[in-house]
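Shown here: upload_24.cif, mmCIF, C-alpha atoms and all ligand atoms.
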data_input
#
loop_
_atom_site.label_atom_id
_atom_site.label_comp_id
_atom_site.auth_asym_id
_atom_site.auth_seq_id
_atom_site.Cartn_x
_atom_site.Cartn_y
_atom_site.Cartn_z
CA MET A 1 -80.20 152.91 -48.59
CA SER A 2 -77.10 154.84 -47.66
CA ARG A 3 -77.71 158.46 -46.77
CA PRO A 4 -75.52 161.34 -47.82
CA VAL A 5 -73.75 163.02 -44.96
CA PRO A 6 -75.10 166.54 -44.38
CA PRO A 7 -72.30 169.06 -44.83
CA ASN A 8 -71.21 171.52 -42.14
CA THR A 9 -72.85 169.72 -39.24
CA GLN A 10 -70.92 169.36 -35.99
CA PRO A 11 -69.80 165.78 -35.51
CA ILE A 12 -71.59 164.09 -32.62
CA ILE A 13 -68.37 162.24 -31.82
CA SER A 14 -64.96 163.64 -32.54
CA ILE A 15 -61.92 161.40 -32.08
CA LYS A 16 -58.53 163.11 -32.22
CA ASP A 17 -55.23 161.21 -32.18
CA ILE A 18 -56.52 158.50 -29.90
CA SER A 19 -54.00 155.73 -29.30
CA LYS A 20 -53.79 152.93 -26.78
CA THR A 21 -50.95 150.82 -25.51
CA TYR A 22 -52.08 148.42 -22.79
CA LYS A 23 -49.92 147.88 -19.70
CA SER A 24 -48.93 144.50 -21.14
CA GLY A 25 -47.22 146.44 -23.93
CA VAL A 26 -49.83 145.53 -26.56
CA LYS A 27 -50.24 148.45 -28.94
CA ALA A 28 -53.97 148.12 -29.56
CA LEU A 29 -54.53 151.45 -31.36
CA LYS A 30 -52.25 153.66 -33.39
CA PRO A 31 -53.38 157.31 -33.43
CA ILE A 32 -56.94 157.33 -34.73
CA ASN A 33 -58.78 160.36 -36.09
CA LEU A 34 -62.45 160.04 -36.89
CA ASP A 35 -65.62 162.11 -36.82
CA ILE A 36 -69.01 160.48 -36.47
CA HIS A 37 -71.91 162.45 -37.93
CA LYS A 38 -75.17 162.93 -36.14
CA GLY A 39 -77.81 160.44 -37.16
CA GLU A 40 -75.61 158.08 -39.14
CA ILE A 41 -75.06 154.37 -38.81
CA PHE A 42 -71.33 153.80 -38.75
CA ALA A 43 -70.00 150.27 -39.03
CA LEU A 44 -66.55 149.45 -37.74
CA LEU A 45 -65.26 146.38 -39.51
CA GLY A 46 -62.14 144.48 -38.65
CA PRO A 47 -60.73 141.08 -37.80
CA ASN A 48 -60.31 139.72 -34.27
CA GLY A 49 -57.96 141.82 -32.18
CA ALA A 50 -58.01 144.78 -34.58
CA GLY A 51 -58.87 147.24 -31.81
CA LYS A 52 -62.62 147.77 -32.28
CA THR A 53 -63.62 147.12 -28.68
CA THR A 54 -60.67 149.15 -27.42
CA LEU A 55 -61.79 152.17 -29.45
CA ILE A 56 -65.39 151.88 -28.29
CA SER A 57 -64.31 151.36 -24.69
CA ILE A 58 -62.24 154.55 -24.82
CA ILE A 59 -65.17 156.60 -26.13
CA CYS A 60 -67.40 155.15 -23.43
CA GLY A 61 -64.87 155.95 -20.70
CA ILE A 62 -64.10 152.35 -19.77
CA VAL A 63 -60.53 152.31 -21.07
CA THR A 64 -58.16 155.27 -20.64
CA PRO A 65 -56.47 156.34 -23.88
CA SER A 66 -52.66 156.63 -24.00
CA SER A 67 -52.98 159.81 -26.06
CA GLY A 68 -55.54 162.02 -27.76
CA CYS A 69 -59.00 163.27 -26.88
CA VAL A 70 -62.61 162.50 -27.68
CA THR A 71 -65.76 164.55 -27.43
CA ALA A 72 -69.19 162.94 -27.39
CA ASP A 73 -72.20 165.20 -27.88
CA GLY A 74 -69.87 168.14 -27.29
CA HIS A 75 -68.50 166.86 -23.97
CA ASP A 76 -64.91 165.82 -23.37
CA ILE A 77 -65.07 162.17 -22.35
CA ILE A 78 -62.50 162.61 -19.57
CA ARG A 79 -63.00 166.15 -18.26
CA ASP A 80 -66.76 165.99 -18.61
CA TYR A 81 -67.24 162.27 -18.19
CA ARG A 82 -70.74 162.19 -16.71
CA ALA A 83 -72.32 164.40 -19.35
CA ALA A 84 -70.58 162.51 -22.15
CA ARG A 85 -71.59 159.15 -20.73
CA ARG A 86 -75.23 160.19 -20.35
CA ALA A 87 -75.43 160.77 -24.08
CA ILE A 88 -74.20 157.23 -24.74
CA GLY A 89 -75.79 153.81 -24.63
CA LEU A 90 -73.40 150.88 -24.79
CA VAL A 91 -74.12 147.28 -25.60
CA PRO A 92 -70.87 145.58 -24.71
CA GLN A 93 -69.45 142.58 -26.52
CA GLU A 94 -69.26 140.56 -23.32
CA LEU A 95 -72.60 140.05 -21.64
CA HIS A 96 -72.62 140.46 -17.91
CA THR A 97 -75.86 140.57 -16.03
CA ASP A 98 -77.17 139.56 -12.67
CA ALA A 99 -78.69 136.11 -13.19
CA PHE A 100 -81.36 136.46 -10.50
CA GLU A 101 -82.61 139.89 -11.44
CA ARG A 102 -85.89 140.23 -13.34
CA VAL A 103 -85.80 141.60 -16.88
CA ILE A 104 -87.84 144.76 -16.27
CA ASP A 105 -86.03 145.60 -13.02
CA SER A 106 -82.70 145.28 -14.74
CA VAL A 107 -83.76 147.80 -17.43
CA LYS A 108 -85.22 150.19 -14.85
CA LEU A 109 -82.03 149.99 -12.82
CA SER A 110 -79.90 150.89 -15.83
CA ARG A 111 -81.97 154.03 -16.34
CA GLY A 112 -81.67 154.94 -12.69
CA LEU A 113 -77.89 154.60 -12.79
CA PHE A 114 -77.75 157.51 -15.18
CA GLY A 115 -79.66 159.65 -12.73
CA TYR A 116 -82.93 159.73 -14.66
CA GLY A 117 -86.32 159.40 -12.98
CA PRO A 118 -88.62 156.51 -13.86
CA ASN A 119 -90.36 156.48 -17.23
CA PRO A 120 -92.55 153.34 -17.38
CA ALA A 121 -93.89 154.20 -20.84
CA HIS A 122 -90.37 154.37 -22.26
CA ILE A 123 -89.30 151.14 -20.55
CA GLU A 124 -92.39 149.38 -21.92
CA LYS A 125 -91.71 150.67 -25.43
CA VAL A 126 -88.10 149.51 -25.35
CA LEU A 127 -89.07 146.06 -24.08
CA ARG A 128 -91.82 145.75 -26.68
CA ASP A 129 -89.52 146.91 -29.51
CA LEU A 130 -87.08 144.17 -28.52
CA SER A 131 -89.79 141.50 -28.15
CA LEU A 132 -89.03 141.16 -24.45
CA TRP A 133 -92.27 142.48 -22.99
CA ASP A 134 -93.63 138.96 -22.47
CA LYS A 135 -90.45 138.09 -20.60
CA ARG A 136 -90.46 141.17 -18.39
CA THR A 137 -90.93 139.26 -15.16
CA ALA A 138 -88.58 136.41 -16.06
CA LYS A 139 -85.29 136.09 -14.25
CA ILE A 140 -82.33 136.81 -16.48
CA GLN A 141 -80.96 133.31 -16.03
CA GLU A 142 -84.15 132.00 -17.67
CA LEU A 143 -83.44 133.87 -20.92
CA SER A 144 -81.83 132.36 -23.99
CA GLY A 145 -78.54 133.80 -25.27
CA GLY A 146 -80.28 135.84 -27.96
CA MET A 147 -82.77 137.20 -25.44
CA LYS A 148 -79.93 138.19 -23.13
CA ARG A 149 -78.31 140.11 -25.95
CA ARG A 150 -81.59 141.91 -26.63
CA LEU A 151 -81.86 142.67 -22.92
CA MET A 152 -78.44 144.31 -23.09
CA ILE A 153 -79.78 146.53 -25.88
CA ALA A 154 -82.86 147.37 -23.81
CA LYS A 155 -80.61 148.35 -20.90
CA ALA A 156 -78.46 150.50 -23.19
CA LEU A 157 -81.59 152.30 -24.44
CA SER A 158 -83.12 152.74 -20.99
CA HIS A 159 -81.87 156.31 -20.58
CA GLU A 160 -82.80 157.44 -24.12
CA PRO A 161 -79.22 157.98 -25.35
CA LYS A 162 -78.39 160.06 -28.41
CA ILE A 163 -75.56 157.72 -29.34
CA LEU A 164 -75.74 153.95 -29.29
CA PHE A 165 -72.72 151.66 -29.45
CA LEU A 166 -73.36 148.09 -30.43
CA ASP A 167 -70.26 145.92 -30.05
CA GLU A 168 -70.98 142.79 -32.10
CA PRO A 169 -74.73 143.12 -31.61
CA THR A 170 -75.80 140.07 -33.53
CA ALA A 171 -73.18 137.54 -32.46
CA GLY A 172 -75.15 134.45 -31.52
CA VAL A 173 -78.47 135.86 -32.70
CA ASP A 174 -80.46 133.78 -35.18
CA VAL A 175 -81.15 134.99 -38.72
CA GLU A 176 -84.73 136.06 -38.13
CA LEU A 177 -83.94 137.97 -34.96
CA ARG A 178 -80.96 139.53 -36.66
CA GLN A 179 -83.32 140.98 -39.28
CA ASP A 180 -85.58 142.27 -36.49
CA MET A 181 -82.59 143.84 -34.81
CA TRP A 182 -81.53 145.58 -37.99
CA GLU A 183 -85.05 146.88 -38.38
CA MET A 184 -84.98 148.21 -34.83
CA VAL A 185 -81.62 149.88 -35.40
CA ARG A 186 -82.98 151.58 -38.52
CA LYS A 187 -85.99 152.84 -36.56
CA LEU A 188 -83.66 154.20 -33.90
CA ARG A 189 -81.72 156.08 -36.53
CA GLU A 190 -84.97 157.51 -37.89
CA SER A 191 -85.70 158.82 -34.41
CA GLY A 192 -82.35 160.64 -34.55
CA VAL A 193 -80.06 158.25 -32.67
CA THR A 194 -76.51 157.91 -33.98
CA ILE A 195 -75.36 154.31 -34.13
CA ILE A 196 -71.87 152.89 -34.15
CA LEU A 197 -71.64 149.16 -34.50
CA THR A 198 -68.80 146.72 -34.78
CA THR A 199 -69.26 143.54 -36.66
CA HIS A 200 -67.56 140.59 -38.27
CA TYR A 201 -70.56 140.09 -40.49
CA ILE A 202 -69.84 142.04 -43.59
CA GLU A 203 -73.40 141.57 -44.78
CA GLU A 204 -74.43 143.46 -41.66
CA ALA A 205 -72.32 146.46 -42.64
CA GLU A 206 -73.44 146.18 -46.23
CA GLU A 207 -77.08 146.05 -45.21
CA MET A 208 -77.08 148.69 -42.53
CA ALA A 209 -74.26 151.18 -42.62
CA ASP A 210 -74.18 154.66 -44.05
CA ARG A 211 -70.42 154.72 -43.61
CA VAL A 212 -67.90 152.01 -43.02
CA GLY A 213 -64.55 152.17 -41.25
CA VAL A 214 -62.12 149.33 -41.67
CA ILE A 215 -59.74 148.81 -38.78
CA SER A 216 -56.78 146.46 -38.98
CA LYS A 217 -53.98 146.06 -36.43
CA GLY A 218 -55.02 149.17 -34.56
CA GLU A 219 -55.07 151.33 -37.63
CA LEU A 220 -58.06 152.83 -39.36
CA VAL A 221 -57.12 151.85 -42.87
CA LEU A 222 -60.19 153.24 -44.57
CA VAL A 223 -63.31 155.29 -43.88
CA ASP A 224 -65.85 155.97 -46.54
CA GLU A 225 -69.51 156.08 -47.38
CA LYS A 226 -70.57 152.57 -48.09
CA ALA A 227 -71.82 153.34 -51.57
CA ALA A 228 -68.66 155.25 -52.48
CA LEU A 229 -66.52 152.47 -51.07
CA MET A 230 -68.22 149.94 -53.23
CA ARG A 231 -67.95 152.18 -56.27
CA LYS A 232 -64.29 152.96 -55.68
CA LEU A 233 -62.92 149.58 -54.79
CA GLY A 234 -65.44 147.34 -56.40
CA LYS A 235 -64.25 145.49 -59.43
CA LYS A 236 -66.83 144.64 -61.99
CA GLN A 237 -67.07 141.44 -63.93
CA LEU A 238 -68.70 140.67 -67.21
CA THR A 239 -69.44 137.02 -67.86
CA LEU A 240 -70.10 135.81 -71.38
CA HIS A 241 -71.89 132.50 -71.71
CA LEU A 242 -70.61 130.98 -74.93
CA ARG A 243 -72.79 129.27 -77.46
CA GLU A 244 -70.19 126.52 -77.81
CA ALA A 245 -67.59 125.56 -75.21
CA ILE A 246 -63.92 126.23 -76.01
CA SER A 247 -60.77 124.63 -74.64
CA ALA A 248 -58.66 127.76 -74.23
CA VAL A 249 -58.95 131.54 -74.46
CA PRO A 250 -58.46 132.25 -78.19
CA GLU A 251 -55.20 133.95 -79.12
CA GLY A 252 -57.10 136.79 -80.72
CA LEU A 253 -58.22 137.82 -77.24
CA ASN A 254 -54.76 138.11 -75.72
CA GLY A 255 -54.39 141.41 -73.95
CA TYR A 256 -57.83 141.26 -72.30
CA SER A 257 -57.99 140.02 -68.72
CA LEU A 258 -60.16 137.02 -69.39
CA GLU A 259 -60.70 133.81 -67.51
CA LEU A 260 -62.25 130.71 -68.93
CA SER A 261 -64.55 128.63 -66.73
CA GLY A 262 -63.56 125.04 -65.96
CA ASP A 263 -66.01 123.58 -68.48
CA GLY A 264 -65.04 126.10 -71.16
CA SER A 265 -68.56 127.49 -71.48
CA ALA A 266 -68.06 130.95 -69.97
CA LEU A 267 -65.51 133.73 -70.28
CA THR A 268 -65.20 136.24 -67.44
CA TYR A 269 -63.81 139.67 -68.08
CA THR A 270 -62.74 141.71 -65.02
CA PHE A 271 -62.57 145.48 -65.26
CA ASP A 272 -62.28 148.52 -63.05
CA GLY A 273 -65.75 149.78 -62.24
CA GLN A 274 -64.36 153.30 -61.80
CA ALA A 275 -62.47 153.60 -65.07
CA ASP A 276 -63.91 155.91 -67.74
CA GLU A 277 -63.78 153.12 -70.24
CA SER A 278 -64.69 149.59 -69.38
CA GLY A 279 -63.21 148.17 -72.56
CA ILE A 280 -66.41 146.19 -73.12
CA PRO A 281 -67.36 147.61 -76.56
CA ASP A 282 -63.86 146.81 -77.75
CA LEU A 283 -64.02 143.29 -76.38
CA LEU A 284 -67.41 142.60 -77.94
CA LYS A 285 -66.19 143.91 -81.29
CA ARG A 286 -63.15 141.65 -81.07
CA LEU A 287 -65.35 138.64 -80.25
CA GLY A 288 -67.35 139.33 -83.39
CA GLU A 289 -64.19 139.58 -85.47
CA ILE A 290 -62.87 136.20 -84.35
CA GLY A 291 -66.32 134.66 -84.63
CA LEU A 292 -66.81 133.70 -81.00
CA ASP A 293 -70.53 133.61 -80.38
CA PHE A 294 -72.22 133.98 -77.00
CA LYS A 295 -75.82 133.35 -75.97
CA ASP A 296 -76.01 135.48 -72.85
CA LEU A 297 -74.03 137.90 -70.70
CA ASN A 298 -74.29 139.30 -67.22
CA THR A 299 -72.32 141.71 -65.04
CA GLU A 300 -71.54 141.59 -61.34
CA GLN A 301 -70.00 143.98 -58.87
CA SER A 302 -67.79 142.73 -56.07
CA SER A 303 -69.40 142.81 -52.65
CA LEU A 304 -68.21 144.62 -49.56
CA GLU A 305 -66.93 141.24 -48.40
CA ASP A 306 -64.52 140.95 -51.35
CA ILE A 307 -63.35 144.50 -50.70
CA PHE A 308 -62.85 143.89 -46.99
CA VAL A 309 -60.97 140.65 -47.45
CA SER A 310 -58.60 142.21 -49.95
CA LEU A 311 -57.99 145.24 -47.70
CA VAL A 312 -57.21 143.19 -44.64
CA ARG A 313 -55.05 140.84 -46.69
CA GLU A 314 -53.02 143.82 -47.93
CA GLN A 315 -52.39 144.80 -44.31
CA ARG A 316 -50.99 141.39 -43.38
CA PRO A 317 -47.20 141.03 -43.57
N1 LIG A 401 -57.46 144.73 -21.15
C1 LIG A 401 -56.51 144.43 -22.04
N2 LIG A 401 -55.24 144.28 -21.66
C2 LIG A 401 -54.25 143.98 -22.55
N3 LIG A 401 -54.48 143.84 -23.86
C3 LIG A 401 -55.73 143.97 -24.32
C4 LIG A 401 -56.83 144.26 -23.43
N4 LIG A 401 -57.96 144.36 -24.16
C5 LIG A 401 -57.60 144.11 -25.43
N5 LIG A 401 -56.27 143.88 -25.53
C6 LIG A 401 -55.50 143.63 -26.77
O1 LIG A 401 -55.68 144.72 -27.63
C7 LIG A 401 -55.84 144.30 -28.97
C8 LIG A 401 -57.17 144.80 -29.52
O2 LIG A 401 -58.23 144.13 -28.84
P1 LIG A 401 -59.76 144.51 -29.05
O3 LIG A 401 -60.55 143.77 -28.03
O4 LIG A 401 -59.88 145.98 -29.06
O5 LIG A 401 -60.02 143.92 -30.52
P2 LIG A 401 -61.39 143.75 -31.32
O6 LIG A 401 -61.18 144.39 -32.66
O7 LIG A 401 -62.54 144.20 -30.52
O8 LIG A 401 -61.43 142.16 -31.53
P3 LIG A 401 -62.72 141.15 -31.61
O9 LIG A 401 -63.21 141.23 -33.00
O10 LIG A 401 -62.07 139.82 -31.33
O11 LIG A 401 -63.70 141.55 -30.58
C9 LIG A 401 -55.70 142.79 -28.95
O12 LIG A 401 -54.37 142.47 -29.25
C10 LIG A 401 -56.02 142.42 -27.51
O13 LIG A 401 -55.36 141.25 -27.13
MG MG A 402 -64.18 143.28 -29.77
#

Would you mind writing the structure in this file as structure tokens?
Amino acid sequence: MSRPVPPNTQPIISIKDISKTYKSGVKALKPINLDIHKGEIFALLGPNGAGKTTLISIICGIVTPSSGCVTADGHDIIRDYRAARRAIGLVPQELHTDAFERVIDSVKLSRGLFGYGPNPAHIEKVLRDLSLWDKRTAKIQELSGGMKRRLMIAKALSHEPKILFLDEPTAGVDVELRQDMWEMVRKLRESGVTIILTTHYIEEAEEMADRVGVISKGELVLVDEKAALMRKLGKKQLTLHLREAISAVPEGLNGYSLELSGDGSALTYTFDGQADESGIPDLLKRLGEIGLDFKDLNTEQSSLEDIFVSLVREQRP
């Protein structure tokens, strides 16, 4: 479902040499360079403390960078803060709302804060899309955690932003609602909104993103189209289910990277999905020669999760 990036289009966000060292001395971001393309869903993946929220907060003008510059929708986020910020909707990681305010008023207020006049039809649409219309007159304190998170999204969409940041959008949201949220994010993209989300859920990136950036210890260690990433880094495995179990990998198969399952009934061959030659024809021929018979075979490609875990592990000292 990944979409190719259109060539020669101006990036909607351009991040140049952005770094951040907090007053405490914590170096949260090493210089980061990244362009976000209009209309894409970009997933920022990384472990706790990697710098995801810091990067988003800088683009949204909440945290001042130690170096570098960012433009959002063509506006410098510091020199031209108001125009840049108007183009952006932000759903922060930490929820903070006024407990006594009513849902619909809270969304209307958010729109007003950006200097836009009322638009009841838009507010209704946003609340309906997020299944909050029935709760519009409820006080925020009466909402469940998942509803509060959806309210934060409604508030972020109140001023019809071109760019939407979702910082851990589905933390604490149940599986069904998570699917609904993904659906809504896809619809937003179809309407032309650019979406940048951070997540710990790799399945979320795998399901949603056009491109993935992996951030580890303040460094953007990898940015690629999701499909290309999986092609490039994904190892493939061929599993042969043997007709009769064996106790060890036969000597005649030395030289192949093979692993025997615990019960001796399956041999797994791992190969580079990118290599010109998988080595499979050779292996199968060799099996025939030594008379090892199999009843079935299947292949698997490693998931984004495997790729992510191995990348982050490589980064660790
Ligand atoms: N206001 C702050 N003052 C000092 N240090 C901070 C501040 N905010 C974040 N940090 C530090 O900067 C680093 C990056 O934090 P950040 O919140 O950007 O990570 P993250 O990738 O969003 O993590 P998580 O997945 O846990 O949300 C961490 O070491 C964190 O302790
Ligand atoms: Mg964070």

Taking 6 positions as the minimum chain separation for residues in the same chain, which residues sit within 12 Å of Ile246 (chain A) when counting all atoms listed in the file? Answer as an MDAnalysis selection string.
chainID A and resid 259:267 292:294

Per residue of chain A within 10 Å of ligand LIG 401 (chain A), record the nearest atom pair and its distance in Å to one decimal, counting only C-alpha atoms and all ligand atoms, with rows in chain order and ascending residue number, as CSV.
residue,atom,partner,partner_atom,distance
A:Lys20,CA,A:LIG401,O1,8.5
A:Thr21,CA,A:LIG401,N3,8.0
A:Tyr22,CA,A:LIG401,C2,4.9
A:Lys23,CA,A:LIG401,C2,6.5
A:Ser24,CA,A:LIG401,C2,5.5
A:Gly25,CA,A:LIG401,C2,7.6
A:Val26,CA,A:LIG401,N3,5.6
A:Lys27,CA,A:LIG401,O1,6.7
A:Ala28,CA,A:LIG401,O1,4.3
A:Leu29,CA,A:LIG401,C8,7.4
A:Leu44,CA,A:LIG401,O6,9.0
A:Leu45,CA,A:LIG401,O6,8.2
A:Gly46,CA,A:LIG401,O6,6.1
A:Pro47,CA,A:LIG401,O9,5.4
A:Asn48,CA,A:LIG401,O10,3.4
A:Gly49,CA,A:LIG401,O5,3.4
A:Ala50,CA,A:LIG401,O6,3.7
A:Gly51,CA,A:LIG401,O4,3.2
A:Lys52,CA,A:LIG401,O6,3.7
A:Thr53,CA,A:LIG401,O7,3.6
A:Thr54,CA,A:LIG401,O4,3.7
A:Leu55,CA,A:LIG401,O4,6.5
A:Ile56,CA,A:LIG401,O4,8.1
A:Ser57,CA,A:LIG401,O4,8.2
A:Ile58,CA,A:LIG401,O4,9.8
A:Val63,CA,A:LIG401,N1,8.2
A:Gln93,CA,A:LIG401,O11,7.1
A:Glu94,CA,A:LIG401,O11,9.2
A:Asp167,CA,A:LIG401,O11,7.9
A:Glu168,CA,A:LIG401,O11,7.5
A:Thr198,CA,A:LIG401,O7,8.0
A:Thr199,CA,A:LIG401,O9,7.4
A:His200,CA,A:LIG401,O9,6.9
A:Ile215,CA,A:LIG401,O6,7.7
A:Ser216,CA,A:LIG401,O6,8.0
A:Lys217,CA,A:LIG401,C8,7.7
A:Gly218,CA,A:LIG401,C8,7.0

Near-Glu142 (chain A) list (9 Å; only C-alpha atoms; drop same-chain fewer than 4 positions) as a PyMOL selection string:
chain A and resi 99-100+138

Nearest residue to ligand MG 402 (chain A) out of A:Ile12, A:Leu166, A:Leu222, A:Ile280, using all atoms listed in the file?
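Using all atoms listed in the file, the shortest distance to ligand MG 402 (chain A) belongs to A:Leu166.
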
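When all atoms listed in the file are used to compute distances to ligand MG 402 (chain A), the closest of the residues A:Pro31, A:Pro169, A:Gly117, A:Gly146 turns out to be A:Pro169.
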
Choose the residue, out of A:Ile59, A:Ile78, A:Ala228, A:Leu197, that has the smallest atom-to-atom separation from ligand MG 402 (chain A); count all atoms listed in the file.
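Closest residue, counting all atoms listed in the file: A:Leu197.
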
Record the distance separating CA of Lys16 (chain A) and CA of Leu34 (chain A), expressed in Å with one decimal.
6.8 Å

Surrounding residues of region 67-76 of chain A excluding itself and chain neighbours under 5 positions, 7 Å, only C-alpha atoms, as a list in words
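Listed by chain and then number, they are Ile12, Ile13, Ser14, Ile15, Lys16, Asp17, Ile18, Ser19, Lys20, Ile59, Tyr81, Ala83, Ala84 and Ala87 of chain A.
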
Atomic separation - CA of Ile153 (chain A) relative to CA of Pro120 (chain A), Å:
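Computing the Euclidean distance for CA of Pro120 (chain A) and CA of Ile153 (chain A) yields 16.8 Å.
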
Please provide the set of residues having any atom within 7 Å of region 192-195 of chain A, restricted to only C-alpha atoms, with same-chain residues fewer than 2 positions apart removed, written as a ChimeraX atom specification.
/A:38-42,162-165,188-190,197
